[in-house]
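Undergrad: First the structure, which I've put down as structure tokens, then a few questions once you've had a look.
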Amino acid sequence: MRALTLTAAGGIESLKLQDVPPPPAPGPGWVVVRIRAAALNHLDLFVADGLPGVRPPFPFPVGADGAGTVAAVGSGVTDVRPGDDVLIDPGVSCGTCAACRAGDEPLCERFGILGEHLPGTMAEFVAVPAANLAPRPPAMPWAQAAAFSLATLTAWRMLTTRARLATGESVLVWGAGGGVAQAAIQVAVHLGARVVATSSRPAGLQRARELGAGVVVDHVREDVVAAVKTATGGRGVDVVVDSVGRDTWERTLRSAARGGRIVTCGGTSGPELALDVRRLFWRQWSILGSTMGSHAEYRAVTTLAAAGKLWPVVDQVVALEDAVQAYQRLDAGQQTGKLVIEVSP
């Protein structure tokens, strides 16, 4: 089968489109999906660069996000059958540990993500557990279907399970050109919160307005903290969604209200942060990490998708042959929305 593969942990230049063996026949509880389209996330850039403790076998099919049609099912699978169009939850857990039995799969010690720990979606076929599939809403185009799962599920868990954002509260979302940030704006608006969103590009600011942000701020040319204080009567926001990390961290802290919650799912500008613990306990902040989401959370967001809500914004669709160019566009921060790879037209 054709697949975009990582041939070494050396960055984008180590990606190569080539033929690799397809997945074997699915085992009990597993399914093979023929991928129609895949989508990029910042995670894909990190995987290409090489992540600590992650050593995939090369050549390794990349890509976490995707959607397609069920090609084959293993024994015991009754919820889907060949020919079904499906969305794919990229987070795979063992299904038997205490965390999985409690329905909190992202805390599974064996938790992994397609395209990082398991062969990914930028291939004609991918193997996944049947529990990771949801019906593709008939009205949802393949591009939106491919781009939906990782960012929307991540944003949902961040704001509902972790930060417990409530109706009437305020939230600051950094980087409205990215998929998780755009999903977070939509989730926050759906929950009845007031949103302040930032971007460094006019297109990102405009998109944030269209998604429901009440206040938008250019985080390069404007004072984000002052804008937040003006929007909240000097108090600061109840919740900050910050997946940028080092470059925004100090302004994140200054924007959070007393008792505020700061939730993060990544660090695109760098993994190491500075924090004066005295500020933490005096202002009684909660700093929350979040990764992906549970099967129950995935059912929640796919139910909303079926109702026409939380659909992702697509920046560009390219053929599998041009996938490396999409990586380069993402790496340069030129996108406003999701970059989609058409795998099997």
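Chain identifiers are assigned as A, B, and so on, following the order in which chains appear in the structure tokens; residues are numbered from 1 within each chain, and ligands are numbered from 1 in order of appearance.
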Near segment 161-176 of chain A, within 8 Å and counting only C-alpha atoms, which residues show up once chain neighbours fewer than 5 positions away are dropped, as a PyMOL selection string?
TA: chain A and resi 156+181-182+184-185+188+191-200+204-205+207-208+228+232+237-244+261-263+288-290+336
Undergrad: Restricting it to N, CA and C atoms, dump the selection as an mmCIF file, in the first residue's frame.
TA:
```cif
data_model
loop_
_atom_site.group_PDB
_atom_site.id
_atom_site.type_symbol
_atom_site.label_atom_id
_atom_site.label_comp_id
_atom_site.auth_asym_id
_atom_site.auth_seq_id
_atom_site.Cartn_x
_atom_site.Cartn_y
_atom_site.Cartn_z
ATOM 1 N N TRP A 156 -12.186 19.255 23.799
ATOM 2 C CA TRP A 156 -13.324 18.895 24.651
ATOM 3 C C TRP A 156 -12.864 18.445 26.034
ATOM 4 N N ALA A 181 -6.876 25.075 18.962
ATOM 5 C CA ALA A 181 -7.384 26.374 19.402
ATOM 6 C C ALA A 181 -8.746 26.669 18.790
ATOM 7 N N GLN A 182 -8.919 26.393 17.509
ATOM 8 C CA GLN A 182 -10.208 26.635 16.871
ATOM 9 C C GLN A 182 -11.289 25.730 17.461
ATOM 10 N N ALA A 184 -11.205 24.601 20.510
ATOM 11 C CA ALA A 184 -11.437 25.103 21.862
ATOM 12 C C ALA A 184 -12.385 26.306 21.853
ATOM 13 N N ILE A 185 -12.247 27.183 20.862
ATOM 14 C CA ILE A 185 -13.175 28.310 20.750
ATOM 15 C C ILE A 185 -14.597 27.787 20.569
ATOM 16 N N ALA A 188 -15.865 26.161 23.821
ATOM 17 C CA ALA A 188 -16.154 27.169 24.843
ATOM 18 C C ALA A 188 -17.456 27.906 24.541
ATOM 19 N N LEU A 191 -20.367 25.762 25.313
ATOM 20 C CA LEU A 191 -20.604 25.650 26.752
ATOM 21 C C LEU A 191 -21.131 26.946 27.369
ATOM 22 N N GLY A 192 -21.228 28.008 26.577
ATOM 23 C CA GLY A 192 -21.771 29.271 27.069
ATOM 24 C C GLY A 192 -20.754 30.174 27.720
ATOM 25 N N ALA A 193 -19.481 30.008 27.375
ATOM 26 C CA ALA A 193 -18.429 30.854 27.934
ATOM 27 C C ALA A 193 -18.158 32.049 27.024
ATOM 28 N N ARG A 194 -17.494 33.048 27.580
ATOM 29 C CA ARG A 194 -17.046 34.221 26.826
ATOM 30 C C ARG A 194 -15.592 34.004 26.450
ATOM 31 N N VAL A 195 -15.269 34.210 25.157
ATOM 32 C CA VAL A 195 -13.958 33.825 24.637
ATOM 33 C C VAL A 195 -13.154 35.039 24.207
ATOM 34 N N VAL A 196 -11.901 35.081 24.682
ATOM 35 C CA VAL A 196 -10.871 35.969 24.151
ATOM 36 C C VAL A 196 -9.904 35.080 23.385
ATOM 37 N N ALA A 197 -9.657 35.373 22.115
ATOM 38 C CA ALA A 197 -8.787 34.536 21.293
ATOM 39 C C ALA A 197 -7.675 35.377 20.691
ATOM 40 N N THR A 198 -6.508 34.765 20.524
ATOM 41 C CA THR A 198 -5.379 35.475 19.945
ATOM 42 C C THR A 198 -4.912 34.799 18.661
ATOM 43 N N SER A 199 -4.247 35.598 17.828
ATOM 44 C CA SER A 199 -3.560 35.092 16.651
ATOM 45 C C SER A 199 -2.539 36.141 16.256
ATOM 46 N N SER A 200 -1.580 35.756 15.451
ATOM 47 C CA SER A 200 -0.604 36.725 14.933
ATOM 48 C C SER A 200 -0.946 37.139 13.512
ATOM 49 N N GLY A 204 -6.359 34.536 11.063
ATOM 50 C CA GLY A 204 -6.656 33.821 12.300
ATOM 51 C C GLY A 204 -7.620 34.582 13.189
ATOM 52 N N LEU A 205 -7.440 35.896 13.266
ATOM 53 C CA LEU A 205 -8.335 36.724 14.067
ATOM 54 C C LEU A 205 -9.746 36.712 13.483
ATOM 55 N N ARG A 207 -11.067 34.349 11.634
ATOM 56 C CA ARG A 207 -11.653 33.033 11.843
ATOM 57 C C ARG A 207 -12.140 32.889 13.275
ATOM 58 N N ALA A 208 -11.388 33.420 14.230
ATOM 59 C CA ALA A 208 -11.804 33.351 15.633
ATOM 60 C C ALA A 208 -13.128 34.082 15.843
ATOM 61 N N VAL A 228 -7.170 41.281 27.923
ATOM 62 C CA VAL A 228 -7.900 40.366 28.809
ATOM 63 C C VAL A 228 -8.467 41.113 30.005
ATOM 64 N N THR A 232 -12.465 41.616 31.026
ATOM 65 C CA THR A 232 -12.972 40.962 32.244
ATOM 66 C C THR A 232 -13.090 41.914 33.425
ATOM 67 N N VAL A 237 -9.144 36.032 33.206
ATOM 68 C CA VAL A 237 -10.046 34.983 32.742
ATOM 69 C C VAL A 237 -10.074 33.809 33.716
ATOM 70 N N ASP A 238 -11.176 33.087 33.676
ATOM 71 C CA ASP A 238 -11.322 31.904 34.527
ATOM 72 C C ASP A 238 -10.456 30.747 34.042
ATOM 73 N N VAL A 239 -10.308 30.634 32.718
ATOM 74 C CA VAL A 239 -9.573 29.519 32.129
ATOM 75 C C VAL A 239 -8.687 30.041 31.005
ATOM 76 N N VAL A 240 -7.459 29.532 30.950
ATOM 77 C CA VAL A 240 -6.569 29.797 29.815
ATOM 78 C C VAL A 240 -6.260 28.474 29.126
ATOM 79 N N VAL A 241 -6.446 28.438 27.807
ATOM 80 C CA VAL A 241 -6.043 27.286 26.994
ATOM 81 C C VAL A 241 -4.731 27.665 26.314
ATOM 82 N N ASP A 242 -3.644 27.047 26.740
ATOM 83 C CA ASP A 242 -2.317 27.395 26.238
ATOM 84 C C ASP A 242 -1.597 26.131 25.787
ATOM 85 N N SER A 243 -1.511 25.928 24.479
ATOM 86 C CA SER A 243 -0.735 24.815 23.946
ATOM 87 C C SER A 243 0.518 25.316 23.242
ATOM 88 N N VAL A 244 0.853 26.582 23.480
ATOM 89 C CA VAL A 244 2.036 27.186 22.863
ATOM 90 C C VAL A 244 3.263 26.985 23.746
ATOM 91 N N ARG A 261 -7.902 28.556 36.144
ATOM 92 C CA ARG A 261 -7.375 27.268 35.705
ATOM 93 C C ARG A 261 -6.629 27.453 34.391
ATOM 94 N N ILE A 262 -5.441 26.897 34.328
ATOM 95 C CA ILE A 262 -4.623 26.938 33.121
ATOM 96 C C ILE A 262 -4.498 25.510 32.622
ATOM 97 N N VAL A 263 -4.921 25.263 31.398
ATOM 98 C CA VAL A 263 -4.914 23.903 30.872
ATOM 99 C C VAL A 263 -4.083 23.866 29.596
ATOM 100 N N LEU A 288 -3.256 22.459 34.723
ATOM 101 C CA LEU A 288 -3.804 21.156 34.337
ATOM 102 C C LEU A 288 -3.221 20.683 33.018
ATOM 103 N N GLY A 289 -2.717 19.472 33.011
ATOM 104 C CA GLY A 289 -2.309 18.844 31.771
ATOM 105 C C GLY A 289 -3.452 18.020 31.207
ATOM 106 N N SER A 290 -3.467 17.868 29.884
ATOM 107 C CA SER A 290 -4.539 17.101 29.256
ATOM 108 C C SER A 290 -4.019 16.477 27.973
ATOM 109 N N THR A 336 -4.459 28.478 8.478
ATOM 110 C CA THR A 336 -5.550 28.963 9.329
ATOM 111 C C THR A 336 -6.611 27.873 9.310
#
```
Undergrad: Just list as a ChimeraX atom specification whatever in segment 200-339 of chain A DSSP marks as helix (DSSP H, G or I).
TA: /A:202-211,224-231,249-255,277-283,295-306,320-331
Undergrad: Select, from A:His42, A:Met292, A:Arg235, A:Arg2, the residue with the minimum atom-to-atom distance to Gly267 of chain A, counting only C-alpha atoms.
TA: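 Among the listed residues, the smallest separation from Gly267 of chain A belongs to A:His42.
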Undergrad: Would you list the contacts of Ala139 of chain A as a ChimeraX atom specification, taking every protein, DNA or RNA residue within 12 Å and counting only C-alpha atoms, but skipping same-chain residues closer than 3 positions in sequence?
TA: /A:85,135-136,142-145,305-309,311
Undergrad: When you count only C-alpha atoms, which of these residues is closest to Met140 of chain A: A:Thr252, A:Ser344, A:Gln335, A:Thr302?
TA: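 Comparing A:Thr252, A:Ser344, A:Gln335, A:Thr302 against Met140 of chain A, the winner is A:Thr302.
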Undergrad: Any idea what's packed within 8 Å of Val128 of chain A, counting only C-alpha atoms, ignoring anything in its chain fewer than 3 positions away? Could you give it as a ChimeraX atom specification?
TA: /A:30-33,92,132
Undergrad: Please run DSSP on the backbone and report, as number ranges by chain, all residues within segment 190-338 of chain A that come out as strand (DSSP E or B).
TA: A: 194-199, 215-218, 237-241, 256-264, 286-289, 314-319, 338
Undergrad: Taking only C-alpha atoms into account, which of A:Gly74, A:Leu304, A:Gly293, A:Thr160 comes nearest Phe111 of chain A?
TA: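 Closest to Phe111 of chain A, using only C-alpha atoms: A:Gly293.
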Undergrad: Which neighbours of Met1 of chain A fall inside 7 Å, counting only C-alpha atoms, when residues of the same chain fewer than 6 positions from it are skipped, and could you give them as a list in words?
TA: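 Those residues are Asp19, Val20, Pro21, Pro22 and Glu124 of chain A.
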Undergrad: Return as a Markdown table the residues of segment 245-280 of chain A lying at most 12 Å from segment 46-55 of chain A, together with the closest atom-to-atom pair for each and the distance in Å to one decimal, counting only C-alpha atoms, with rows in chain order and ascending residue number.
TA:
```
| residue | atom | partner | partner_atom | distance |
| --- | --- | --- | --- | --- |
| A:Gly266 | CA | A:Phe46 | CA | 10.4 |
| A:Gly267 | CA | A:Phe46 | CA | 10.3 |
| A:Thr268 | CA | A:Phe46 | CA | 8.8 |
| A:Ser269 | CA | A:Phe46 | CA | 11.4 |
| A:Gly270 | CA | A:Phe46 | CA | 11.1 |
| A:Pro271 | CA | A:Phe46 | CA | 11.5 |
```
Undergrad: Include N, CA and C atoms and write out the residues we just selected as an mmCIF file, in the first residue's frame.
TA:
```cif
data_model
loop_
_atom_site.group_PDB
_atom_site.id
_atom_site.type_symbol
_atom_site.label_atom_id
_atom_site.label_comp_id
_atom_site.auth_asym_id
_atom_site.auth_seq_id
_atom_site.Cartn_x
_atom_site.Cartn_y
_atom_site.Cartn_z
ATOM 1 N N GLY A 266 0.093 20.846 25.068
ATOM 2 C CA GLY A 266 1.289 20.829 24.241
ATOM 3 C C GLY A 266 2.149 22.046 24.487
ATOM 4 N N GLY A 267 3.266 22.097 23.775
ATOM 5 C CA GLY A 267 4.188 23.214 23.905
ATOM 6 C C GLY A 267 4.884 23.463 22.581
ATOM 7 N N THR A 268 4.176 24.053 21.630
ATOM 8 C CA THR A 268 4.724 24.192 20.280
ATOM 9 C C THR A 268 5.934 25.111 20.233
ATOM 10 N N SER A 269 6.096 26.005 21.210
ATOM 11 C CA SER A 269 7.249 26.913 21.201
ATOM 12 C C SER A 269 8.364 26.448 22.129
ATOM 13 N N GLY A 270 8.165 25.332 22.797
ATOM 14 C CA GLY A 270 9.194 24.826 23.698
ATOM 15 C C GLY A 270 8.595 24.169 24.920
ATOM 16 N N PRO A 271 9.230 23.108 25.442
ATOM 17 C CA PRO A 271 8.628 22.314 26.510
ATOM 18 C C PRO A 271 8.911 22.791 27.932
#
```
Undergrad: With only C-alpha atoms as the basis for distance, which of A:Glu116, A:Asp89, A:Asp276, A:Asp44 is at the shortest distance from Val301 of chain A?
TA: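 Of A:Glu116, A:Asp89, A:Asp276, A:Asp44, the one nearest Val301 of chain A, counting only C-alpha atoms, is A:Asp89.
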Undergrad: Rounded to one decimal in Å, what is the spacing between atom CA of Glu272 of chain A and atom CA of Ser255 of chain A?
TA: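 Answer for the atom CA of Glu272 of chain A to atom CA of Ser255 of chain A separation: 19.4 Å.
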Undergrad: Taking only C-alpha atoms into account, name the residue in A:Leu6, A:Ala102, A:Leu330, A:Ala146 that is nearest to Val313 of chain A.
TA: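 Ranked by minimum distance to Val313 of chain A, first place goes to A:Ala146.
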Undergrad: Find the residues near Thr291 of chain A: any atom within 8 Å, counting only C-alpha atoms, skip ones fewer than 6 places away on the same chain, and give them as JSON, numbers by chain.
TA: {"A": [106, 154, 157, 158, 265]}
Undergrad: How would the residues just chosen look if you wrote them out with C-alpha atoms as a short mmCIF file (atom, residue, chain, number, x, y, z; two decimals), in the first residue's frame?
TA:
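Saved result, again-v7.cif, follows:
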```cif
data_model
loop_
_atom_site.label_atom_id
_atom_site.label_comp_id
_atom_site.auth_asym_id
_atom_site.auth_seq_id
_atom_site.Cartn_x
_atom_site.Cartn_y
_atom_site.Cartn_z
CA PRO A 106 -5.92 8.47 28.32
CA THR A 154 -8.44 17.22 22.83
CA ARG A 157 -11.40 17.08 27.38
CA MET A 158 -9.34 20.19 28.16
CA CYS A 265 -2.04 19.91 25.83
#
```
Undergrad: Pick out the residues sitting within 6 Å of Lys338 of chain A, and hand them over as a PyMOL selection string; count only C-alpha atoms, and ignore anything fewer than 5 positions along from it in its own chain.
TA: chain A and resi 179+314-315
Undergrad: Which residue gives the smallest distance to Glu250 of chain A among A:Gly234, A:Val224, A:Ser294, A:Leu150, with only C-alpha atoms counted?
TA: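 Using only C-alpha atoms, the shortest distance to Glu250 of chain A belongs to A:Val224.
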Undergrad: What gap, in Å, lies between atom CA of Val180 of chain A and atom CA of Leu320 of chain A?
TA: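 The value is 22.9 Å.
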